[in-house]
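**Q** Data file target21.pdb (PDB, C-alpha atoms) is appended below.
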```pdb
ATOM      1  CA  MET A 181     -73.422 -11.214 -18.306
ATOM      2  CA  LYS A 182     -73.814 -12.486 -14.752
ATOM      3  CA  LYS A 183     -70.610 -12.718 -12.740
ATOM      4  CA  ASP A 184     -69.406 -16.082 -11.367
ATOM      5  CA  ASN A 185     -71.648 -17.818 -13.922
ATOM      6  CA  LYS A 186     -71.829 -21.472 -14.935
ATOM      7  CA  LYS A 187     -68.857 -21.105 -17.285
ATOM      8  CA  VAL A 188     -66.686 -20.108 -14.323
ATOM      9  CA  ILE A 189     -67.929 -23.126 -12.342
ATOM     10  CA  TYR A 190     -67.201 -25.482 -15.264
ATOM     11  CA  TRP A 191     -63.724 -23.959 -15.604
ATOM     12  CA  LEU A 192     -62.952 -24.684 -11.948
ATOM     13  CA  LEU A 193     -64.386 -28.209 -12.069
ATOM     14  CA  ILE A 194     -62.412 -29.004 -15.236
ATOM     15  CA  GLY A 195     -59.339 -27.819 -13.332
ATOM     16  CA  CYS A 196     -60.215 -30.265 -10.536
ATOM     17  CA  VAL A 197     -60.501 -33.156 -12.996
ATOM     18  CA  LEU A 198     -57.160 -32.282 -14.615
ATOM     19  CA  ILE A 199     -55.405 -32.109 -11.241
ATOM     20  CA  PHE A 200     -56.879 -35.533 -10.431
ATOM     21  CA  ILE A 201     -55.537 -36.940 -13.725
ATOM     22  CA  MET A 202     -52.133 -35.396 -13.074
ATOM     23  CA  VAL A 203     -51.930 -36.944  -9.597
ATOM     24  CA  ILE A 204     -52.820 -40.375 -11.038
ATOM     25  CA  VAL A 205     -50.163 -40.063 -13.746
ATOM     26  CA  GLY A 206     -47.751 -38.857 -11.046
ATOM     27  CA  GLY A 207     -48.513 -42.008  -9.061
ATOM     28  CA  ILE A 208     -47.798 -44.198 -12.089
ATOM     29  CA  THR A 209     -44.591 -42.220 -12.668
ATOM     30  CA  ARG A 210     -43.483 -42.922  -9.120
ATOM     31  CA  LEU A 211     -44.458 -46.603  -9.056
ATOM     32  CA  THR A 212     -42.774 -47.308 -12.405
ATOM     33  CA  HIS A 213     -39.622 -45.476 -11.205
ATOM     34  CA  SER A 214     -39.872 -43.070 -14.137
ATOM     35  CA  GLY A 215     -39.494 -39.776 -12.287
ATOM     36  CA  LEU A 216     -35.775 -39.232 -12.907
ATOM     37  CA  SER A 217     -35.773 -40.116 -16.605
ATOM     38  CA  ILE A 218     -35.764 -36.444 -17.685
ATOM     39  CA  SER A 219     -32.945 -34.679 -15.893
ATOM     40  CA  ASN A 220     -33.331 -31.201 -17.411
ATOM     41  CA  TYR A 221     -36.204 -28.757 -17.405
ATOM     42  CA  LYS A 222     -37.221 -26.848 -20.542
ATOM     43  CA  LEU A 223     -40.553 -25.085 -20.239
ATOM     44  CA  ILE A 224     -41.342 -24.795 -23.957
ATOM     45  CA  SER A 225     -39.124 -27.202 -25.885
ATOM     46  CA  GLY A 226     -39.529 -29.851 -23.176
ATOM     47  CA  THR A 227     -43.146 -30.241 -24.246
ATOM     48  CA  ILE A 228     -41.982 -32.063 -27.399
ATOM     49  CA  PRO A 229     -40.413 -35.508 -26.782
ATOM     50  CA  PRO A 230     -37.445 -36.779 -28.829
ATOM     51  CA  MET A 231     -38.680 -37.204 -32.417
ATOM     52  CA  ASN A 232     -35.953 -39.326 -34.028
ATOM     53  CA  ASP A 233     -33.226 -41.826 -33.158
ATOM     54  CA  VAL A 234     -30.555 -39.133 -32.771
ATOM     55  CA  GLU A 235     -32.635 -37.143 -30.276
ATOM     56  CA  TRP A 236     -33.536 -40.294 -28.342
ATOM     57  CA  GLN A 237     -29.885 -41.275 -28.118
ATOM     58  CA  GLU A 238     -28.962 -37.788 -26.879
ATOM     59  CA  ALA A 239     -31.645 -37.978 -24.181
ATOM     60  CA  PHE A 240     -30.439 -41.440 -23.166
ATOM     61  CA  GLU A 241     -26.811 -40.266 -22.972
ATOM     62  CA  LEU A 242     -27.913 -37.412 -20.698
ATOM     63  CA  TYR A 243     -29.735 -39.910 -18.462
ATOM     64  CA  LYS A 244     -26.542 -41.983 -18.233
ATOM     65  CA  GLN A 245     -24.750 -39.078 -16.543
ATOM     66  CA  TYR A 246     -26.877 -39.304 -13.393
ATOM     67  CA  PRO A 247     -26.936 -41.637 -10.369
ATOM     68  CA  GLU A 248     -30.121 -43.574 -11.244
ATOM     69  CA  TYR A 249     -28.525 -45.042 -14.368
ATOM     70  CA  GLN A 250     -25.037 -45.372 -12.874
ATOM     71  CA  LYS A 251     -26.160 -47.102  -9.656
ATOM     72  CA  LEU A 252     -29.415 -48.868 -10.566
ATOM     73  CA  ASN A 253     -30.082 -49.089 -14.287
ATOM     74  CA  THR A 254     -26.811 -49.839 -16.044
ATOM     75  CA  HIS A 255     -28.625 -52.764 -17.690
ATOM     76  CA  PHE A 256     -31.033 -50.383 -19.467
ATOM     77  CA  ASP A 257     -31.126 -50.258 -23.231
ATOM     78  CA  LEU A 258     -32.778 -47.503 -25.263
ATOM     79  CA  GLN A 259     -36.220 -49.163 -25.196
ATOM     80  CA  ASP A 260     -36.119 -49.439 -21.389
ATOM     81  CA  PHE A 261     -35.312 -45.742 -21.241
ATOM     82  CA  LYS A 262     -38.173 -44.875 -23.589
ATOM     83  CA  ASP A 263     -40.611 -46.743 -21.327
ATOM     84  CA  ILE A 264     -39.784 -44.682 -18.235
ATOM     85  CA  TYR A 265     -39.348 -41.457 -20.231
ATOM     86  CA  PHE A 266     -42.984 -41.617 -21.395
ATOM     87  CA  TRP A 267     -44.577 -41.357 -17.950
ATOM     88  CA  GLU A 268     -42.382 -38.508 -16.742
ATOM     89  CA  TRP A 269     -42.902 -36.632 -20.031
ATOM     90  CA  LEU A 270     -46.682 -37.123 -19.811
ATOM     91  CA  HIS A 271     -46.710 -35.951 -16.204
ATOM     92  CA  ARG A 272     -44.865 -32.749 -17.129
ATOM     93  CA  VAL A 273     -47.024 -32.072 -20.209
ATOM     94  CA  ILE A 274     -50.216 -32.411 -18.171
ATOM     95  CA  GLY A 275     -48.759 -29.952 -15.660
ATOM     96  CA  ARG A 276     -48.129 -27.405 -18.409
ATOM     97  CA  PHE A 277     -51.608 -28.007 -19.849
ATOM     98  CA  ILE A 278     -53.194 -27.380 -16.442
ATOM     99  CA  GLY A 279     -51.307 -24.092 -16.262
ATOM    100  CA  LEU A 280     -52.805 -23.007 -19.590
ATOM    101  CA  VAL A 281     -56.283 -24.197 -18.592
ATOM    102  CA  PHE A 282     -56.118 -22.033 -15.483
ATOM    103  CA  ILE A 283     -54.409 -18.933 -16.891
ATOM    104  CA  ILE A 284     -56.136 -18.436 -20.274
ATOM    105  CA  PRO A 285     -59.776 -18.717 -19.073
ATOM    106  CA  PHE A 286     -58.906 -16.652 -15.991
ATOM    107  CA  LEU A 287     -57.669 -13.809 -18.205
ATOM    108  CA  TYR A 288     -60.739 -14.186 -20.438
ATOM    109  CA  PHE A 289     -63.152 -14.008 -17.489
ATOM    110  CA  LEU A 290     -61.174 -11.111 -16.036
ATOM    111  CA  ILE A 291     -61.296  -9.084 -19.268
ATOM    112  CA  ARG A 292     -64.999  -9.867 -19.760
ATOM    113  CA  LYS A 293     -65.649  -8.875 -16.120
ATOM    114  CA  GLN A 294     -67.313 -12.196 -15.322
ATOM    115  CA  LEU A 295     -65.596 -12.672 -11.953
ATOM    116  CA  THR A 296     -66.513 -11.088  -8.634
ATOM    117  CA  ARG A 297     -63.745  -9.570  -6.550
ATOM    118  CA  PRO A 298     -63.656 -12.501  -4.043
ATOM    119  CA  THR A 299     -63.383 -15.008  -6.907
ATOM    120  CA  ILE A 300     -60.566 -12.981  -8.497
ATOM    121  CA  LYS A 301     -58.621 -13.116  -5.230
ATOM    122  CA  LYS A 302     -59.215 -16.870  -4.874
ATOM    123  CA  SER A 303     -58.200 -17.441  -8.508
ATOM    124  CA  ILE A 304     -54.916 -15.593  -7.966
ATOM    125  CA  ILE A 305     -54.236 -17.874  -4.985
ATOM    126  CA  LEU A 306     -54.958 -20.873  -7.233
ATOM    127  CA  LEU A 307     -52.494 -19.630  -9.844
ATOM    128  CA  ALA A 308     -49.856 -19.123  -7.144
ATOM    129  CA  LEU A 309     -50.459 -22.644  -5.828
ATOM    130  CA  GLY A 310     -50.086 -24.023  -9.357
ATOM    131  CA  ALA A 311     -46.803 -22.193  -9.883
ATOM    132  CA  PHE A 312     -45.533 -23.373  -6.498
ATOM    133  CA  GLN A 313     -46.523 -26.935  -7.406
ATOM    134  CA  GLY A 314     -44.432 -26.734 -10.572
ATOM    135  CA  PHE A 315     -41.460 -25.437  -8.577
ATOM    136  CA  LEU A 316     -41.808 -28.278  -6.053
ATOM    137  CA  GLY A 317     -41.801 -30.811  -8.897
ATOM    138  CA  TRP A 318     -38.485 -29.453 -10.168
ATOM    139  CA  TYR A 319     -37.122 -29.226  -6.613
ATOM    140  CA  MET A 320     -38.114 -32.858  -5.974
ATOM    141  CA  VAL A 321     -36.461 -34.200  -9.147
ATOM    142  CA  LYS A 322     -33.301 -32.220  -8.366
ATOM    143  CA  SER A 323     -32.853 -34.173  -5.114
ATOM    144  CA  GLY A 324     -32.445 -37.424  -7.069
ATOM    145  CA  LEU A 325     -29.777 -36.142  -9.454
ATOM    146  CA  VAL A 326     -26.873 -35.660  -7.050
ATOM    147  CA  ASP A 327     -25.693 -38.760  -5.154
ATOM    148  CA  ASN A 328     -28.725 -40.800  -4.149
ATOM    149  CA  PRO A 329     -30.668 -42.197  -7.144
ATOM    150  CA  ASP A 330     -33.994 -41.457  -5.516
ATOM    151  CA  VAL A 331     -35.894 -38.298  -4.689
ATOM    152  CA  SER A 332     -36.202 -36.974  -1.140
ATOM    153  CA  HIS A 333     -39.365 -38.350   0.456
ATOM    154  CA  TYR A 334     -39.836 -34.964   2.132
ATOM    155  CA  ARG A 335     -39.841 -33.208  -1.244
ATOM    156  CA  LEU A 336     -42.089 -35.904  -2.717
ATOM    157  CA  ALA A 337     -44.540 -35.372   0.153
ATOM    158  CA  ALA A 338     -44.452 -31.588  -0.359
ATOM    159  CA  HIS A 339     -45.071 -32.012  -4.110
ATOM    160  CA  LEU A 340     -47.934 -34.487  -3.683
ATOM    161  CA  THR A 341     -49.581 -32.723  -0.744
ATOM    162  CA  THR A 342     -49.527 -29.388  -2.555
ATOM    163  CA  ALA A 343     -51.315 -31.054  -5.479
ATOM    164  CA  PHE A 344     -53.991 -32.364  -3.119
ATOM    165  CA  LEU A 345     -54.357 -28.976  -1.429
ATOM    166  CA  THR A 346     -54.528 -27.166  -4.786
ATOM    167  CA  PHE A 347     -57.319 -29.515  -5.814
ATOM    168  CA  ALA A 348     -59.120 -29.068  -2.477
ATOM    169  CA  PHE A 349     -58.998 -25.280  -2.734
ATOM    170  CA  THR A 350     -60.127 -25.314  -6.382
ATOM    171  CA  PHE A 351     -63.042 -27.577  -5.455
ATOM    172  CA  TRP A 352     -63.914 -25.313  -2.504
ATOM    173  CA  VAL A 353     -63.995 -22.217  -4.737
ATOM    174  CA  ALA A 354     -66.265 -24.052  -7.189
ATOM    175  CA  LEU A 355     -68.552 -25.112  -4.332
ATOM    176  CA  ASP A 356     -68.751 -21.479  -3.160
ATOM    177  CA  LEU A 357     -70.190 -20.602  -6.575
ATOM    178  CA  ILE A 358     -72.441 -23.662  -6.822
ATOM    179  CA  PHE A 359     -73.944 -22.986  -3.371
ATOM    180  CA  PRO A 360     -74.010 -19.181  -3.006
ATOM    181  CA  GLN A 361     -76.731 -19.141  -0.329
ATOM    182  CA  LYS A 362     -75.609 -18.833   3.286
ATOM    183  CA  LYS A 363     -77.307 -20.830   6.041
ATOM    184  CA  GLU A 364     -77.169 -21.423   9.779
ATOM    185  CA  ILE A 365     -74.466 -23.883  10.774
ATOM    186  CA  GLU A 366     -73.651 -26.103  13.736
ATOM    187  CA  LYS A 367     -70.207 -24.749  14.618
ATOM    188  CA  LYS A 368     -69.132 -27.629  16.871
ATOM    189  CA  LEU A 369     -69.838 -30.142  14.136
ATOM    190  CA  ARG A 370     -68.137 -27.968  11.525
ATOM    191  CA  ASN A 371     -65.041 -27.717  13.714
ATOM    192  CA  PHE A 372     -65.024 -31.489  14.242
ATOM    193  CA  ILE A 373     -65.099 -32.043  10.464
ATOM    194  CA  ARG A 374     -62.257 -29.522  10.138
ATOM    195  CA  ILE A 375     -60.172 -31.619  12.538
ATOM    196  CA  ALA A 376     -61.044 -34.732  10.528
ATOM    197  CA  LEU A 377     -59.840 -32.960   7.373
ATOM    198  CA  VAL A 378     -56.524 -32.085   9.056
ATOM    199  CA  VAL A 379     -56.064 -35.719  10.141
ATOM    200  CA  LEU A 380     -56.831 -36.865   6.580
ATOM    201  CA  ILE A 381     -54.229 -34.457   5.156
ATOM    202  CA  LEU A 382     -51.693 -35.809   7.676
ATOM    203  CA  GLN A 383     -52.547 -39.307   6.457
ATOM    204  CA  ILE A 384     -52.000 -38.180   2.855
ATOM    205  CA  ILE A 385     -48.586 -36.802   3.841
ATOM    206  CA  TYR A 386     -47.700 -40.152   5.403
ATOM    207  CA  GLY A 387     -48.919 -41.895   2.262
ATOM    208  CA  ALA A 388     -46.374 -39.799   0.357
ATOM    209  CA  PHE A 389     -43.688 -40.742   2.924
ATOM    210  CA  VAL A 390     -44.540 -44.420   2.365
ATOM    211  CA  ALA A 391     -44.226 -43.934  -1.405
ATOM    212  CA  GLY A 392     -40.991 -41.930  -1.140
ATOM    213  CA  LEU A 393     -39.298 -44.468   1.137
ATOM    214  CA  ASP A 394     -40.732 -47.524  -0.663
ATOM    215  CA  ALA A 395     -42.097 -48.499   2.743
ATOM    216  CA  GLY A 396     -44.997 -50.385   1.202
ATOM    217  CA  PHE A 397     -42.643 -53.166   0.126
ATOM    218  CA  MET A 398     -42.111 -54.416   3.669
ATOM    219  CA  HIS A 399     -44.397 -55.841   6.387
ATOM    220  CA  ASN A 400     -46.766 -57.106   3.719
ATOM    221  CA  HIS A 401     -49.296 -58.509   6.164
ATOM    222  CA  TRP A 402     -52.525 -57.308   7.716
ATOM    223  CA  PRO A 403     -53.799 -56.645  10.352
ATOM    224  CA  MET A 404     -50.400 -57.363  11.924
ATOM    225  CA  MET A 405     -46.961 -56.421  10.662
ATOM    226  CA  SER A 406     -44.235 -59.037  10.047
ATOM    227  CA  GLU A 407     -43.955 -61.976  12.439
ATOM    228  CA  GLY A 408     -47.542 -61.435  13.595
ATOM    229  CA  LYS A 409     -46.652 -58.303  15.575
ATOM    230  CA  PHE A 410     -48.858 -55.223  15.811
ATOM    231  CA  ILE A 411     -45.727 -53.082  16.330
ATOM    232  CA  HIS A 412     -42.670 -54.732  14.802
ATOM    233  CA  GLU A 413     -39.419 -53.903  16.614
ATOM    234  CA  THR A 414     -38.019 -52.273  13.452
ATOM    235  CA  VAL A 415     -40.636 -49.556  13.926
ATOM    236  CA  TYR A 416     -38.563 -48.058  16.752
ATOM    237  CA  THR A 417     -35.042 -49.484  16.202
ATOM    238  CA  GLU A 418     -34.271 -48.417  12.637
ATOM    239  CA  HIS A 419     -33.073 -44.908  13.569
ATOM    240  CA  GLN A 420     -31.844 -42.898  16.503
ATOM    241  CA  PRO A 421     -33.206 -40.769  18.103
ATOM    242  CA  LEU A 422     -36.607 -42.458  18.387
ATOM    243  CA  TYR A 423     -38.681 -39.790  16.583
ATOM    244  CA  LYS A 424     -36.693 -40.238  13.349
ATOM    245  CA  ASN A 425     -38.221 -43.688  12.928
ATOM    246  CA  PHE A 426     -41.598 -42.068  12.321
ATOM    247  CA  ILE A 427     -40.434 -39.615   9.658
ATOM    248  CA  GLU A 428     -37.475 -41.393   8.036
ATOM    249  CA  GLY A 429     -37.714 -45.089   8.974
ATOM    250  CA  ARG A 430     -39.487 -47.370   6.526
ATOM    251  CA  SER A 431     -41.119 -49.464   9.257
ATOM    252  CA  GLY A 432     -41.989 -46.486  11.433
ATOM    253  CA  VAL A 433     -43.532 -44.557   8.543
ATOM    254  CA  GLN A 434     -45.576 -47.576   7.441
ATOM    255  CA  PHE A 435     -46.771 -48.101  11.033
ATOM    256  CA  ALA A 436     -47.818 -44.437  11.264
ATOM    257  CA  HIS A 437     -49.689 -44.725   7.958
ATOM    258  CA  ARG A 438     -51.460 -47.892   9.143
ATOM    259  CA  THR A 439     -52.402 -46.316  12.468
ATOM    260  CA  LEU A 440     -53.638 -43.076  10.940
ATOM    261  CA  ALA A 441     -55.893 -45.125   8.646
ATOM    262  CA  TYR A 442     -57.764 -46.417  11.701
ATOM    263  CA  ILE A 443     -57.980 -42.880  13.124
ATOM    264  CA  VAL A 444     -59.432 -41.506   9.866
ATOM    265  CA  VAL A 445     -62.035 -44.307   9.892
ATOM    266  CA  ILE A 446     -62.955 -43.460  13.504
ATOM    267  CA  PHE A 447     -63.354 -39.759  12.656
ATOM    268  CA  ILE A 448     -65.640 -40.482   9.700
ATOM    269  CA  ILE A 449     -67.783 -42.889  11.715
ATOM    270  CA  ALA A 450     -67.967 -40.233  14.450
ATOM    271  CA  ILE A 451     -69.146 -37.636  11.902
ATOM    272  CA  TRP A 452     -71.870 -40.045  10.787
ATOM    273  CA  LEU A 453     -72.938 -40.730  14.386
ATOM    274  CA  LYS A 454     -72.984 -37.018  15.266
ATOM    275  CA  THR A 455     -75.292 -36.245  12.324
ATOM    276  CA  ARG A 456     -77.756 -39.131  12.752
ATOM    277  CA  LYS A 457     -80.046 -37.140  15.060
ATOM    278  CA  LEU A 458     -79.712 -33.876  13.143
ATOM    279  CA  ASN A 459     -82.073 -32.655  10.462
ATOM    280  CA  VAL A 460     -79.468 -32.632   7.699
ATOM    281  CA  SER A 461     -80.013 -31.225   4.223
ATOM    282  CA  LYS A 462     -79.993 -33.295   1.037
ATOM    283  CA  TYR A 463     -76.420 -32.366   0.179
ATOM    284  CA  GLN A 464     -75.171 -32.827   3.737
ATOM    285  CA  ALA A 465     -76.589 -36.361   3.667
ATOM    286  CA  ILE A 466     -74.934 -36.992   0.301
ATOM    287  CA  GLY A 467     -71.609 -35.815   1.723
ATOM    288  CA  ILE A 468     -71.797 -38.127   4.737
ATOM    289  CA  LYS A 469     -72.847 -41.163   2.679
ATOM    290  CA  THR A 470     -70.046 -40.475   0.210
ATOM    291  CA  LEU A 471     -67.558 -40.260   3.075
ATOM    292  CA  LEU A 472     -68.652 -43.648   4.419
ATOM    293  CA  ILE A 473     -68.457 -45.292   0.994
ATOM    294  CA  THR A 474     -65.085 -43.796   0.033
ATOM    295  CA  ILE A 475     -63.408 -44.567   3.376
ATOM    296  CA  ALA A 476     -64.572 -48.191   3.120
ATOM    297  CA  ILE A 477     -63.186 -48.523  -0.410
ATOM    298  CA  GLN A 478     -59.977 -46.691   0.469
ATOM    299  CA  PHE A 479     -59.359 -48.830   3.552
ATOM    300  CA  ILE A 480     -59.800 -52.034   1.531
ATOM    301  CA  LEU A 481     -57.493 -50.708  -1.201
ATOM    302  CA  GLY A 482     -54.857 -49.862   1.416
ATOM    303  CA  VAL A 483     -54.981 -53.367   2.903
ATOM    304  CA  LEU A 484     -54.786 -55.022  -0.534
ATOM    305  CA  THR A 485     -51.905 -52.745  -1.577
ATOM    306  CA  ILE A 486     -49.899 -53.887   1.445
ATOM    307  CA  ILE A 487     -50.810 -57.584   1.166
ATOM    308  CA  TYR A 488     -49.953 -57.770  -2.540
ATOM    309  CA  THR A 489     -46.725 -55.715  -2.159
ATOM    310  CA  VAL A 490     -47.763 -52.620  -4.084
ATOM    311  CA  PRO A 491     -48.533 -53.694  -7.649
ATOM    312  CA  VAL A 492     -48.735 -50.584  -9.831
ATOM    313  CA  TRP A 493     -52.492 -50.816 -10.466
ATOM    314  CA  LEU A 494     -53.293 -51.165  -6.756
ATOM    315  CA  GLY A 495     -50.879 -48.420  -5.713
ATOM    316  CA  VAL A 496     -52.435 -46.046  -8.236
ATOM    317  CA  SER A 497     -55.966 -47.085  -7.202
ATOM    318  CA  HIS A 498     -55.089 -46.390  -3.565
ATOM    319  CA  GLN A 499     -53.793 -42.934  -4.480
ATOM    320  CA  ALA A 500     -56.949 -42.261  -6.492
ATOM    321  CA  GLY A 501     -58.980 -43.405  -3.488
ATOM    322  CA  ALA A 502     -57.211 -40.855  -1.299
ATOM    323  CA  PHE A 503     -58.131 -38.181  -3.821
ATOM    324  CA  LEU A 504     -61.797 -39.177  -3.833
ATOM    325  CA  LEU A 505     -61.856 -39.373  -0.034
ATOM    326  CA  LEU A 506     -60.414 -35.852   0.178
ATOM    327  CA  SER A 507     -63.076 -34.686  -2.301
ATOM    328  CA  ALA A 508     -65.817 -36.186  -0.130
ATOM    329  CA  MET A 509     -64.352 -34.585   3.003
ATOM    330  CA  VAL A 510     -64.079 -31.147   1.375
ATOM    331  CA  PHE A 511     -67.632 -31.385   0.034
ATOM    332  CA  THR A 512     -68.984 -32.458   3.443
ATOM    333  CA  LEU A 513     -67.099 -29.716   5.269
ATOM    334  CA  HIS A 514     -68.374 -27.128   2.792
ATOM    335  CA  ARG A 515     -71.984 -28.240   3.250
ATOM    336  CA  PHE A 516     -71.623 -28.011   7.046
ATOM    337  CA  SER A 517     -69.782 -24.659   6.852
ATOM    338  CA  LYS A 518     -71.788 -22.348   4.581
TER     339      LYS A 518
END
```
Would you mind giving the structure from this file in structure tokens?
**A**
Amino acid sequence: MKKDNKKVIYWLLIGCVLIFIMVIVGGITRLTHSGLSISNYKLISGTIPPMNDVEWQEAFELYKQYPEYQKLNTHFDLQDFKDIYFWEWLHRVIGRFIGLVFIIPFLYFLIRKQLTRPTIKKSIILLALGAFQGFLGWYMVKSGLVDNPDVSHYRLAAHLTTAFLTFAFTFWVALDLIFPQKKEIEKKLRNFIRIALVVLILQIIYGAFVAGLDAGFMHNHWPMMSEGKFIHETVYTEHQPLYKNFIEGRSGVQFAHRTLAYIVVIFIIAIWLKTRKLNVSKYQAIGIKTLLITIAIQFILGVLTIIYTVPVWLGVSHQAGAFLLLSAMVFTLHRFSK
């Protein structure tokens, strides 16, 4: 049987879809403040939720031992706990399922000798990224179980960004198999799209900072911040020294996220302008058009999310938009790279 066949491509693309679903459920988990509802980690038995009243009560009593209940949710009854437990449990189960979806077919393809050596190496990297992602999830939750009833925004950003990067790499490997033919490339344009991708990843990191610091719940105006100011004074007065405002201050982080949104838009428009006079291929044209459409939708979603003070459905839609925008950027870069 031919190596790197359609089954391998479908396997990778299914992995991409599952990572997308996991990120969406992770966004709901964050926005519903469900992420600290399960304070222990059991790889096998943790897959099964509490099945009777006694087990639910035991899980609830465990939750009561940690800062989120003691400082924020002392009013919770068992039903309130069940509501937040569901999203965190689902998020973890999907993570385990993704692990199985990657490992079992990989071993099957390996035994049946249906993978080329380069694809084997890339698949091992994917498995390592998946394992690291699971570790970061545990490491993130751990930060909210000590004194502060909230996870570290740095660890949240690491967890979310690794998920995005794992998806991007999986998608890239699939694209390598879908488009095996090499072609001449315009290196300057390719390098410019690479820079745009780096800026987009930085914007995704700042989106995670905004989520981790709940920075979307302030300055709920656009295009200006509060009091009709483009740069509100809290952007640079919340912390000392100055730089801390832009990595730990709620106003500073939101301002950085707003500003980077404009920069991402400028980069994508520049890519479109640079390719207008080139004889682009069918798939290159599709990539550019998709970039323009997704950045427009994502920008509108970002503005609405701020104006309406982050309702769950808009926050999740904005996160999904970031995922689709990254997909479009990876696809476009691939088509201008190989």
**Q** If you count only C-alpha atoms, which residues fall within 10 Å of A:Gly275, apart from same-chain ones fewer than 3 positions away, as a PyMOL selection string?
**A** chain A and resi 198-199+201-203+269-272+278-281+310-311+313-314+317
**Q** Written as JSON, numbers by chain, which residues does the PyMOL selection byres ((chain A and resi 245) around 12) give for the file shown?
**A** {"A": [216, 217, 218, 219, 220, 238, 239, 240, 241, 242, 243, 244, 246, 247, 248, 249, 250, 251, 253, 254, 325, 326, 327, 329]}
**Q** Any chance you could resolve the PyMOL selection byres ((chain A and resi 374-390) around 6) against this file and give the residues as a list in words?
**A** His333, Ala337, Asn371, Phe372, Ile373, Ala391, Gly392, Leu393, Asp394, Ala395, His437, Leu440 and Phe447 of chain A
**Q** Can you list, as number ranges by chain, the residues that the PyMOL selection byres ((chain A and resi 488) around 12) selects here?
**A** A: 396-402, 481-487, 489-495
**Q** Stretch 189-194 of chain A: which residues within 10 Å, counting all atoms listed in the file, same-chain residues fewer than 6 positions away excluded, as a list in words?
**A**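 Here the answer would be Phe200, Ile278, Val281, Phe282, Pro285, Phe286, Ser303, Phe347, Thr350, Phe351, Trp352, Val353, Ala354, Leu355, Asp356, Leu357 and Ile358 of chain A.
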**Q** Just the number, please: distance in Å from atom CA of A:Ile224 to atom CA of A:Val273, one decimal.
**A**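 Value for the atom CA of A:Ile224-atom CA of A:Val273 distance: 10.0 Å.
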**Q** Any idea what's packed within 9 Å of A:Lys183, counting all atoms listed in the file, ignoring anything in its chain fewer than 3 positions away? Could you give it as a ChimeraX atom specification?
**A** /A:188,289,293-296
**Q** My list of candidates is A:Ile466, A:Thr299, A:Asn459, A:Ile475. Which is closest to A:Glu366 when distances are computed with all atoms listed in the file?
**A**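 Using all atoms listed in the file, the shortest distance to A:Glu366 belongs to A:Asn459.
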**Q** Using all atoms listed in the file, can you tell me which of A:Gln464, A:Thr512, A:Gln259, A:Gln499 comes closest to A:Thr341?
**A**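 Of all the options, A:Gln499 lies closest to A:Thr341.
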**Q** Report, in Å to a single decimal, how far apart atom CA of A:Ala465 and atom CA of A:Leu453 are.
**A**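 Taking atom CA of A:Leu453 and atom CA of A:Ala465, their separation equals 12.1 Å.
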**Q** Give as number ranges by chain every residue, naming chains and numbers as the document does, that has an atom within 8 Å of (-62.3, -38.5, 3.3), counting all atoms listed in the file.
**A** A: 377, 380, 444, 448, 471, 474-475, 502, 504-510
**Q** For a quick check of understanding, using all atoms listed in the file, which of A:Pro229, A:Met405, A:Pro360, A:Cys196 has the smallest distance to A:Arg438?
**A**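 Once distances to A:Arg438 are computed over all atoms listed in the file, the minimum belongs to A:Met405.
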**Q** Would you mind completing stretch 430-437 of chain A so that it carries N, CA, C and O atoms, and writing it out as a JSON list (two decimals), in the coordinates of the input?
**A**
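That gives us result20.json:
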```
[["chain", "number", "residue", "atom", "x", "y", "z"],
["A", 430, "ARG", "N", -38.48, -46.73, 7.38],
["A", 430, "ARG", "CA", -39.49, -47.37, 6.53],
["A", 430, "ARG", "C", -40.56, -48.06, 7.36],
["A", 430, "ARG", "O", -41.76, -47.94, 7.09],
["A", 431, "SER", "N", -40.14, -48.78, 8.41],
["A", 431, "SER", "CA", -41.12, -49.46, 9.26],
["A", 431, "SER", "C", -41.95, -48.47, 10.06],
["A", 431, "SER", "O", -43.18, -48.62, 10.18],
["A", 432, "GLY", "N", -41.29, -47.47, 10.62],
["A", 432, "GLY", "CA", -41.99, -46.49, 11.43],
["A", 432, "GLY", "C", -43.01, -45.69, 10.62],
["A", 432, "GLY", "O", -44.12, -45.43, 11.09],
["A", 433, "VAL", "N", -42.63, -45.32, 9.40],
["A", 433, "VAL", "CA", -43.53, -44.56, 8.54],
["A", 433, "VAL", "C", -44.72, -45.43, 8.13],
["A", 433, "VAL", "O", -45.87, -44.96, 8.13],
["A", 434, "GLN", "N", -44.45, -46.70, 7.80],
["A", 434, "GLN", "CA", -45.58, -47.58, 7.44],
["A", 434, "GLN", "C", -46.52, -47.77, 8.64],
["A", 434, "GLN", "O", -47.75, -47.78, 8.48],
["A", 435, "PHE", "N", -45.94, -47.94, 9.83],
["A", 435, "PHE", "CA", -46.77, -48.10, 11.03],
["A", 435, "PHE", "C", -47.64, -46.86, 11.26],
["A", 435, "PHE", "O", -48.83, -46.97, 11.57],
["A", 436, "ALA", "N", -47.05, -45.68, 11.10],
["A", 436, "ALA", "CA", -47.82, -44.44, 11.26],
["A", 436, "ALA", "C", -48.95, -44.36, 10.25],
["A", 436, "ALA", "O", -50.07, -43.96, 10.58],
["A", 437, "HIS", "N", -48.67, -44.76, 9.01],
["A", 437, "HIS", "CA", -49.69, -44.72, 7.96],
["A", 437, "HIS", "C", -50.82, -45.72, 8.27],
["A", 437, "HIS", "O", -52.00, -45.40, 8.09]]
```
